[in-house]
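Dropping protein_5.pdb in here (PDB, C-alpha atoms, pLDDT in the B column):
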ATOM      1  CA  VAL A   1      47.871  13.737  63.209  1.00 43.00           C
ATOM      2  CA  GLY A   2      45.304  12.994  65.901  1.00 46.00           C
ATOM      3  CA  PRO A   3      45.434  10.248  68.556  1.00 46.00           C
ATOM      4  CA  THR A   4      43.416   7.799  66.411  1.00 50.00           C
ATOM      5  CA  ALA A   5      45.725   8.159  63.406  1.00 52.00           C
ATOM      6  CA  GLY A   6      48.739   7.832  65.668  1.00 58.00           C
ATOM      7  CA  ALA A   7      47.356   4.626  67.193  1.00 64.00           C
ATOM      8  CA  ARG A   8      46.746   3.185  63.711  1.00 61.00           C
ATOM      9  CA  GLU A   9      50.333   3.958  62.706  1.00 59.00           C
ATOM     10  CA  LEU A  10      51.768   2.364  65.840  1.00 60.00           C
ATOM     11  CA  GLY A  11      49.590  -0.693  65.243  1.00 64.00           C
ATOM     12  CA  LEU A  12      50.997  -0.974  61.720  1.00 60.00           C
ATOM     13  CA  LEU A  13      54.566  -0.668  62.994  1.00 61.00           C
ATOM     14  CA  GLU A  14      54.022  -3.348  65.631  1.00 63.00           C
ATOM     15  CA  GLY A  15      52.500  -5.592  62.985  1.00 63.00           C
ATOM     16  CA  ILE A  16      55.551  -5.261  60.725  1.00 62.00           C
ATOM     17  CA  GLY A  17      57.887  -6.167  63.555  1.00 61.00           C
ATOM     18  CA  ASN A  18      55.715  -9.064  64.770  1.00 62.00           C
ATOM     19  CA  GLN A  19      55.585 -10.582  61.287  1.00 59.00           C
ATOM     20  CA  GLY A  20      59.373 -10.538  61.189  1.00 60.00           C
ATOM     21  CA  ARG A  21      59.562 -12.187  64.627  1.00 60.00           C
ATOM     22  CA  LEU A  22      57.093 -14.920  63.665  1.00 58.00           C
ATOM     23  CA  ALA A  23      58.892 -15.664  60.402  1.00 58.00           C
ATOM     24  CA  ILE A  24      62.216 -16.022  62.203  1.00 55.00           C
ATOM     25  CA  THR A  25      60.685 -18.118  65.025  1.00 57.00           C
ATOM     26  CA  ASN A  26      59.152 -20.529  62.510  1.00 58.00           C
ATOM     27  CA  ALA A  27      62.359 -20.988  60.514  1.00 52.00           C
ATOM     28  CA  GLY A  28      63.770 -24.453  61.160  1.00 51.00           C
ATOM     29  CA  SER A  29      67.471 -24.952  60.463  1.00 53.00           C
ATOM     30  CA  PHE A  30      70.214 -22.383  60.921  1.00 49.00           C
ATOM     31  CA  GLU A  31      70.459 -21.955  57.136  1.00 56.00           C
ATOM     32  CA  THR A  32      66.723 -21.334  56.890  1.00 57.00           C
ATOM     33  CA  LEU A  33      66.928 -18.948  59.829  1.00 54.00           C
ATOM     34  CA  GLU A  34      69.719 -16.995  58.139  1.00 55.00           C
ATOM     35  CA  ARG A  35      67.764 -16.750  54.867  1.00 60.00           C
ATOM     36  CA  THR A  36      64.597 -15.763  56.731  1.00 60.00           C
ATOM     37  CA  PHE A  37      66.433 -13.100  58.693  1.00 60.00           C
ATOM     38  CA  LEU A  38      67.928 -11.603  55.536  1.00 59.00           C
ATOM     39  CA  SER A  39      64.511 -11.715  53.846  1.00 64.00           C
ATOM     40  CA  THR A  40      62.991  -9.907  56.834  1.00 65.00           C
ATOM     41  CA  VAL A  41      65.675  -7.210  56.654  1.00 63.00           C
ATOM     42  CA  GLU A  42      65.008  -6.816  52.937  1.00 61.00           C
ATOM     43  CA  ALA A  43      61.227  -6.652  53.474  1.00 64.00           C
ATOM     44  CA  LEU A  44      61.588  -3.892  56.064  1.00 65.00           C
ATOM     45  CA  ALA A  45      63.897  -1.941  53.747  1.00 62.00           C
ATOM     46  CA  ASN A  46      61.425  -2.357  50.871  1.00 61.00           C
ATOM     47  CA  ALA A  47      58.609  -1.087  53.090  1.00 62.00           C
ATOM     48  CA  LEU A  48      60.606   2.066  53.715  1.00 61.00           C
ATOM     49  CA  GLU A  49      61.411   2.404  50.009  1.00 58.00           C
ATOM     50  CA  ALA A  50      57.699   2.351  49.219  1.00 56.00           C
ATOM     51  CA  LYS A  51      57.217   5.219  51.669  1.00 57.00           C
ATOM     52  CA  ASP A  52      60.078   7.461  50.535  1.00 57.00           C
ATOM     53  CA  GLU A  53      62.371   6.613  47.612  1.00 56.00           C
ATOM     54  CA  TYR A  54      65.021   9.100  48.794  1.00 54.00           C
ATOM     55  CA  THR A  55      65.167   7.544  52.253  1.00 53.00           C
ATOM     56  CA  SER A  56      65.790   4.073  50.807  1.00 53.00           C
ATOM     57  CA  SER A  57      68.611   5.064  48.435  1.00 63.00           C
ATOM     58  CA  HIS A  58      69.953   7.316  51.204  1.00 67.00           C
ATOM     59  CA  ALA A  59      70.123   4.319  53.586  1.00 73.00           C
ATOM     60  CA  ARG A  60      72.013   2.185  51.052  1.00 77.00           C
ATOM     61  CA  TRP A  61      74.556   4.980  50.476  1.00 84.00           C
ATOM     62  CA  ILE A  62      75.022   5.469  54.222  1.00 89.00           C
ATOM     63  CA  CYS A  63      75.593   1.713  54.711  1.00 89.00           C
ATOM     64  CA  ASP A  64      78.581   1.847  52.371  1.00 92.00           C
ATOM     65  CA  MET A  65      80.005   5.085  53.765  1.00 95.00           C
ATOM     66  CA  ALA A  66      79.482   4.129  57.417  1.00 96.00           C
ATOM     67  CA  LEU A  67      81.280   0.818  56.880  1.00 96.00           C
ATOM     68  CA  ARG A  68      84.253   2.658  55.351  1.00 97.00           C
ATOM     69  CA  VAL A  69      84.349   5.075  58.299  1.00 97.00           C
ATOM     70  CA  GLY A  70      84.040   2.184  60.769  1.00 97.00           C
ATOM     71  CA  GLU A  71      86.937   0.350  59.139  1.00 97.00           C
ATOM     72  CA  GLU A  72      89.021   3.541  59.255  1.00 97.00           C
ATOM     73  CA  LEU A  73      88.313   3.735  63.002  1.00 97.00           C
ATOM     74  CA  GLY A  74      89.475   0.132  63.450  1.00 97.00           C
ATOM     75  CA  LEU A  75      86.092  -1.572  63.921  1.00 96.00           C
ATOM     76  CA  VAL A  76      85.852  -5.238  62.953  1.00 93.00           C
ATOM     77  CA  GLY A  77      83.437  -8.169  62.906  1.00 91.00           C
ATOM     78  CA  PRO A  78      80.229  -7.807  64.933  1.00 92.00           C
ATOM     79  CA  GLN A  79      80.672  -4.060  65.455  1.00 94.00           C
ATOM     80  CA  LEU A  80      80.906  -3.463  61.701  1.00 93.00           C
ATOM     81  CA  LYS A  81      77.784  -5.613  61.241  1.00 91.00           C
ATOM     82  CA  ARG A  82      75.992  -3.391  63.768  1.00 94.00           C
ATOM     83  CA  VAL A  83      77.131  -0.322  61.825  1.00 95.00           C
ATOM     84  CA  GLU A  84      75.764  -1.860  58.611  1.00 90.00           C
ATOM     85  CA  LEU A  85      72.376  -2.850  60.048  1.00 89.00           C
ATOM     86  CA  GLY A  86      72.057   0.383  62.029  1.00 93.00           C
ATOM     87  CA  ALA A  87      72.665   2.373  58.847  1.00 91.00           C
ATOM     88  CA  LEU A  88      70.148   0.304  56.915  1.00 85.00           C
ATOM     89  CA  PHE A  89      67.459   0.835  59.557  1.00 87.00           C
ATOM     90  CA  HIS A  90      68.344   4.289  60.919  1.00 90.00           C
ATOM     91  CA  ASP A  91      65.306   5.895  59.250  1.00 86.00           C
ATOM     92  CA  ILE A  92      62.915   2.894  59.265  1.00 85.00           C
ATOM     93  CA  GLY A  93      60.657   4.737  61.720  1.00 87.00           C
ATOM     94  CA  LYS A  94      59.775   7.192  58.957  1.00 85.00           C
ATOM     95  CA  ILE A  95      57.297   4.559  57.786  1.00 81.00           C
ATOM     96  CA  GLY A  96      55.117   5.951  60.574  1.00 82.00           C
ATOM     97  CA  ILE A  97      55.494   9.618  59.540  1.00 85.00           C
ATOM     98  CA  PRO A  98      52.904  11.114  57.141  1.00 85.00           C
ATOM     99  CA  ALA A  99      54.253  11.617  53.616  1.00 79.00           C
ATOM    100  CA  SER A 100      52.902  15.178  53.686  1.00 85.00           C
ATOM    101  CA  ILE A 101      55.519  15.962  56.344  1.00 86.00           C
ATOM    102  CA  LEU A 102      58.365  13.864  54.899  1.00 79.00           C
ATOM    103  CA  MET A 103      58.017  15.465  51.464  1.00 78.00           C
ATOM    104  CA  LYS A 104      57.010  18.970  52.524  1.00 82.00           C
ATOM    105  CA  PRO A 105      58.746  21.497  50.213  1.00 80.00           C
ATOM    106  CA  GLY A 106      58.965  24.272  52.824  1.00 80.00           C
ATOM    107  CA  PRO A 107      60.092  24.618  56.464  1.00 86.00           C
ATOM    108  CA  LEU A 108      58.385  22.410  59.049  1.00 88.00           C
ATOM    109  CA  THR A 109      56.162  23.872  61.729  1.00 93.00           C
ATOM    110  CA  ALA A 110      57.007  23.172  65.377  1.00 93.00           C
ATOM    111  CA  GLU A 111      54.236  20.548  65.491  1.00 95.00           C
ATOM    112  CA  GLU A 112      55.474  18.865  62.295  1.00 93.00           C
ATOM    113  CA  ARG A 113      59.035  18.807  63.601  1.00 93.00           C
ATOM    114  CA  GLU A 114      57.825  17.189  66.807  1.00 94.00           C
ATOM    115  CA  ILE A 115      56.114  14.491  64.737  1.00 93.00           C
ATOM    116  CA  ILE A 116      59.146  13.753  62.555  1.00 92.00           C
ATOM    117  CA  GLU A 117      61.413  13.618  65.607  1.00 94.00           C
ATOM    118  CA  ARG A 118      59.418  10.601  66.789  1.00 94.00           C
ATOM    119  CA  HIS A 119      60.875   8.406  64.057  1.00 93.00           C
ATOM    120  CA  PRO A 120      63.920   7.077  65.989  1.00 96.00           C
ATOM    121  CA  GLU A 121      61.587   5.772  68.705  1.00 95.00           C
ATOM    122  CA  LEU A 122      59.226   4.340  66.098  1.00 91.00           C
ATOM    123  CA  GLY A 123      62.194   2.648  64.425  1.00 90.00           C
ATOM    124  CA  GLU A 124      63.235   1.055  67.697  1.00 93.00           C
ATOM    125  CA  ARG A 125      59.668  -0.163  68.178  1.00 90.00           C
ATOM    126  CA  ILE A 126      59.520  -1.723  64.704  1.00 84.00           C
ATOM    127  CA  LEU A 127      62.687  -3.717  65.421  1.00 85.00           C
ATOM    128  CA  ALA A 128      61.682  -4.697  68.977  1.00 86.00           C
ATOM    129  CA  PRO A 129      60.047  -8.075  68.153  1.00 79.00           C
ATOM    130  CA  ILE A 130      63.087  -9.270  66.155  1.00 79.00           C
ATOM    131  CA  GLU A 131      65.486 -10.784  68.685  1.00 79.00           C
ATOM    132  CA  GLN A 132      68.345 -10.904  66.167  1.00 79.00           C
ATOM    133  CA  LEU A 133      68.230  -7.097  65.953  1.00 85.00           C
ATOM    134  CA  SER A 134      68.198  -6.462  69.714  1.00 91.00           C
ATOM    135  CA  ASP A 135      71.659  -4.872  69.703  1.00 94.00           C
ATOM    136  CA  VAL A 136      70.761  -2.718  66.676  1.00 94.00           C
ATOM    137  CA  ARG A 137      67.743  -1.118  68.371  1.00 95.00           C
ATOM    138  CA  PRO A 138      69.687   1.318  70.614  1.00 97.00           C
ATOM    139  CA  ILE A 139      71.809   2.309  67.599  1.00 98.00           C
ATOM    140  CA  VAL A 140      68.707   3.165  65.569  1.00 96.00           C
ATOM    141  CA  ARG A 141      67.208   5.069  68.503  1.00 97.00           C
ATOM    142  CA  ALA A 142      70.384   7.160  68.949  1.00 98.00           C
ATOM    143  CA  CYS A 143      71.109   8.049  65.301  1.00 97.00           C
ATOM    144  CA  HIS A 144      69.909  11.649  65.785  1.00 97.00           C
ATOM    145  CA  GLU A 145      71.663  12.337  69.087  1.00 98.00           C
ATOM    146  CA  ARG A 146      74.199  15.185  68.979  1.00 98.00           C
ATOM    147  CA  PHE A 147      77.660  14.976  70.538  1.00 98.00           C
ATOM    148  CA  ASP A 148      76.808  18.008  72.720  1.00 98.00           C
ATOM    149  CA  GLY A 149      73.607  16.420  74.061  1.00 98.00           C
ATOM    150  CA  LYS A 150      71.193  18.651  72.111  1.00 97.00           C
ATOM    151  CA  GLY A 151      69.842  15.916  69.837  1.00 97.00           C
ATOM    152  CA  TYR A 152      66.797  13.665  70.145  1.00 96.00           C
ATOM    153  CA  PRO A 153      65.031  11.628  71.446  1.00 96.00           C
ATOM    154  CA  ASP A 154      66.993  11.202  74.695  1.00 97.00           C
ATOM    155  CA  GLY A 155      69.515  14.057  74.777  1.00 97.00           C
ATOM    156  CA  LEU A 156      72.496  11.687  75.039  1.00 98.00           C
ATOM    157  CA  ALA A 157      75.964  13.246  74.768  1.00 98.00           C
ATOM    158  CA  GLY A 158      79.524  12.190  73.980  1.00 98.00           C
ATOM    159  CA  GLU A 159      80.479   8.584  74.733  1.00 96.00           C
ATOM    160  CA  ARG A 160      76.954   7.815  75.968  1.00 98.00           C
ATOM    161  CA  ILE A 161      75.916   7.754  72.304  1.00 98.00           C
ATOM    162  CA  PRO A 162      76.784   4.387  70.691  1.00 98.00           C
ATOM    163  CA  LEU A 163      79.815   4.786  68.415  1.00 98.00           C
ATOM    164  CA  GLU A 164      77.856   3.156  65.599  1.00 98.00           C
ATOM    165  CA  SER A 165      75.222   5.885  65.919  1.00 98.00           C
ATOM    166  CA  ARG A 166      77.857   8.625  65.904  1.00 98.00           C
ATOM    167  CA  ILE A 167      79.286   7.225  62.665  1.00 98.00           C
ATOM    168  CA  ILE A 168      75.863   6.949  61.023  1.00 97.00           C
ATOM    169  CA  PHE A 169      74.889  10.465  62.146  1.00 97.00           C
ATOM    170  CA  ALA A 170      77.895  12.078  60.432  1.00 97.00           C
ATOM    171  CA  CYS A 171      77.441  10.054  57.228  1.00 96.00           C
ATOM    172  CA  ASP A 172      73.709  10.838  57.287  1.00 93.00           C
ATOM    173  CA  ALA A 173      74.394  14.570  57.550  1.00 95.00           C
ATOM    174  CA  PHE A 174      76.926  14.549  54.720  1.00 95.00           C
ATOM    175  CA  HIS A 175      74.632  12.682  52.345  1.00 91.00           C
ATOM    176  CA  ALA A 176      71.638  14.849  53.269  1.00 88.00           C
ATOM    177  CA  MET A 177      73.620  18.017  52.590  1.00 93.00           C
ATOM    178  CA  THR A 178      74.877  16.767  49.216  1.00 92.00           C
ATOM    179  CA  SER A 179      71.466  15.510  47.974  1.00 84.00           C
ATOM    180  CA  ASP A 180      68.615  17.477  46.401  1.00 77.00           C
ATOM    181  CA  ARG A 181      65.560  17.605  48.661  1.00 69.00           C
ATOM    182  CA  PRO A 182      62.109  19.102  48.118  1.00 64.00           C
ATOM    183  CA  TYR A 183      63.011  22.094  50.317  1.00 63.00           C
ATOM    184  CA  ARG A 184      66.551  22.863  49.002  1.00 72.00           C
ATOM    185  CA  LYS A 185      69.223  22.089  46.437  1.00 84.00           C
ATOM    186  CA  ALA A 186      72.274  19.942  47.166  1.00 88.00           C
ATOM    187  CA  LEU A 187      75.418  21.590  48.538  1.00 93.00           C
ATOM    188  CA  PRO A 188      78.816  20.991  46.874  1.00 94.00           C
ATOM    189  CA  GLY A 189      80.877  18.299  48.596  1.00 92.00           C
ATOM    190  CA  ASP A 190      83.537  20.755  49.754  1.00 95.00           C
ATOM    191  CA  GLU A 191      80.953  22.934  51.461  1.00 95.00           C
ATOM    192  CA  ALA A 192      79.350  19.926  53.152  1.00 95.00           C
ATOM    193  CA  LEU A 193      82.758  18.835  54.457  1.00 95.00           C
ATOM    194  CA  ARG A 194      83.426  22.352  55.745  1.00 97.00           C
ATOM    195  CA  ARG A 195      80.131  22.296  57.657  1.00 97.00           C
ATOM    196  CA  LEU A 196      80.898  18.876  59.120  1.00 97.00           C
ATOM    197  CA  ALA A 197      84.286  20.105  60.350  1.00 96.00           C
ATOM    198  CA  GLU A 198      82.714  23.279  61.739  1.00 97.00           C
ATOM    199  CA  ALA A 199      80.225  21.219  63.752  1.00 98.00           C
ATOM    200  CA  ALA A 200      82.804  18.741  65.106  1.00 98.00           C
ATOM    201  CA  GLY A 201      82.503  18.761  68.885  1.00 97.00           C
ATOM    202  CA  SER A 202      78.970  20.157  68.868  1.00 98.00           C
ATOM    203  CA  GLN A 203      76.841  18.042  66.528  1.00 98.00           C
ATOM    204  CA  PHE A 204      79.440  15.422  65.610  1.00 98.00           C
ATOM    205  CA  ASP A 205      82.071  13.305  67.339  1.00 98.00           C
ATOM    206  CA  PRO A 206      85.370  14.963  66.283  1.00 97.00           C
ATOM    207  CA  ARG A 207      87.086  11.585  65.900  1.00 96.00           C
ATOM    208  CA  VAL A 208      84.365  10.365  63.519  1.00 96.00           C
TER     209      VAL A 208
END
Could you render the structure from this file as structure tokens?
Amino acid sequence: VGPTAGARELGLLEGIGNQGRLAITNAGSFETLERTFLSTVEALANALEAKDEYTSSHARWICDMALRVGEELGLVGPQLKRVELGALFHDIGKIGIPASILMKPGPLTAEEREIIERHPELGERILAPIEQLSDVRPIVRACHERFDGKGYPDGLAGERIPLESRIIFACDAFHAMTSDRPYRKALPGDEALRRLAEAAGSQFDPRV
């Protein structure tokens, strides 16, 4: 993807976010604002679904699982809402990734991997104009950070990674491992759990 294509994609992402901001700004009463906000969330999710059907159903599954994990860890109220919205939007930046890379049946090249690893930053940028999602943006950005600091995009480690992101990351990995993808078949649940446990302390927060 050359500079021109990249600029077009970023322009599209900014446009999506700005439309959401304008809709929310123009909503009158609190009730209208609430409905408009929920409609904006749904519109963004539908945009992602149009790009990659797996990613959309994947996000809905992760919402449910991440909430259950959050409750088990004692989270309540606003923090659980951040888990829910972070899970819904954790892959929204993939709207800006070419489908040829997202759906590639074989291993990614180094250049392709670099492109796909931009999606957390793109996701944060999509959400930036929507004030009501300001505390969800850092969660979305950090959903691919590893507990040992070897993740992306910022190399955060341990407690520097938002807890919501650490929850979503583990649920994301489990669902990815147990789902068929173009490049591999699904693993059995027991094997996926074994791999999660094996990576506790390196990729994943052991408590999560």
Interface rows for stretch 146-178 of chain A against stretch 65-84 of chain A: nearest pair, Å to one decimal, 7 Å, all atoms listed in the file, as JSON lines:
{"residue": "A:Glu164", "atom": "CA", "partner": "A:Val83", "partner_atom": "CA", "distance": 5.2}
{"residue": "A:Ile167", "atom": "CA", "partner": "A:Ala66", "partner_atom": "CA", "distance": 6.1}
{"residue": "A:Ile168", "atom": "CA", "partner": "A:Ala66", "partner_atom": "CA", "distance": 5.8}
{"residue": "A:Cys171", "atom": "CA", "partner": "A:Ala66", "partner_atom": "CA", "distance": 6.3}
Output of the above residues as an mmCIF file, in the frame of the given file, restricted to C-alpha atoms:
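Now in again-v3.cif:
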data_model
loop_
_atom_site.group_PDB
_atom_site.id
_atom_site.type_symbol
_atom_site.label_atom_id
_atom_site.label_comp_id
_atom_site.auth_asym_id
_atom_site.auth_seq_id
_atom_site.Cartn_x
_atom_site.Cartn_y
_atom_site.Cartn_z
ATOM 1 C CA GLU A 164 77.856 3.156 65.599
ATOM 2 C CA ILE A 167 79.286 7.225 62.665
ATOM 3 C CA ILE A 168 75.863 6.949 61.023
ATOM 4 C CA CYS A 171 77.441 10.054 57.228
#
### Task
Could you please determine the separation between atom CA of A:Ile139 and atom CA of A:Ala192 in Å, to one decimal place?
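Atom-to-atom, atom CA of A:Ile139 to atom CA of A:Ala192, that is 24.0 Å.
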### Distance in Å - atom CA of A:Val208 versus atom CA of A:Glu159
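Rounded to one decimal, the two atoms are 12.0 Å apart.
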### Query
Evaluating the PyMOL selection byres ((chain A and resi 61) around 12) on the displayed file yields which residues, as a PyMOL selection string?
chain A and resi 54-60+62-68+84+87-88+168+171-176+178-179
### Query
Using all atoms listed in the file, which of A:Gly155, A:Arg160, A:Asp148, A:Leu187 sits nearest A:Ala200?
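With all atoms listed in the file as the atom set, the closest residue is A:Asp148.
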Hey, can I get the axis-aligned box for stretch 174-188 of chain A? All listed atoms, 4 Å padding on each side, centre and edge lengths in Å to one decimal, as lines of an AutoDock Vina configuration file.
center_x = 70.5
center_y = 17.8
center_z = 50.6
size_x = 24.7
size_y = 18.2
size_z = 16.3
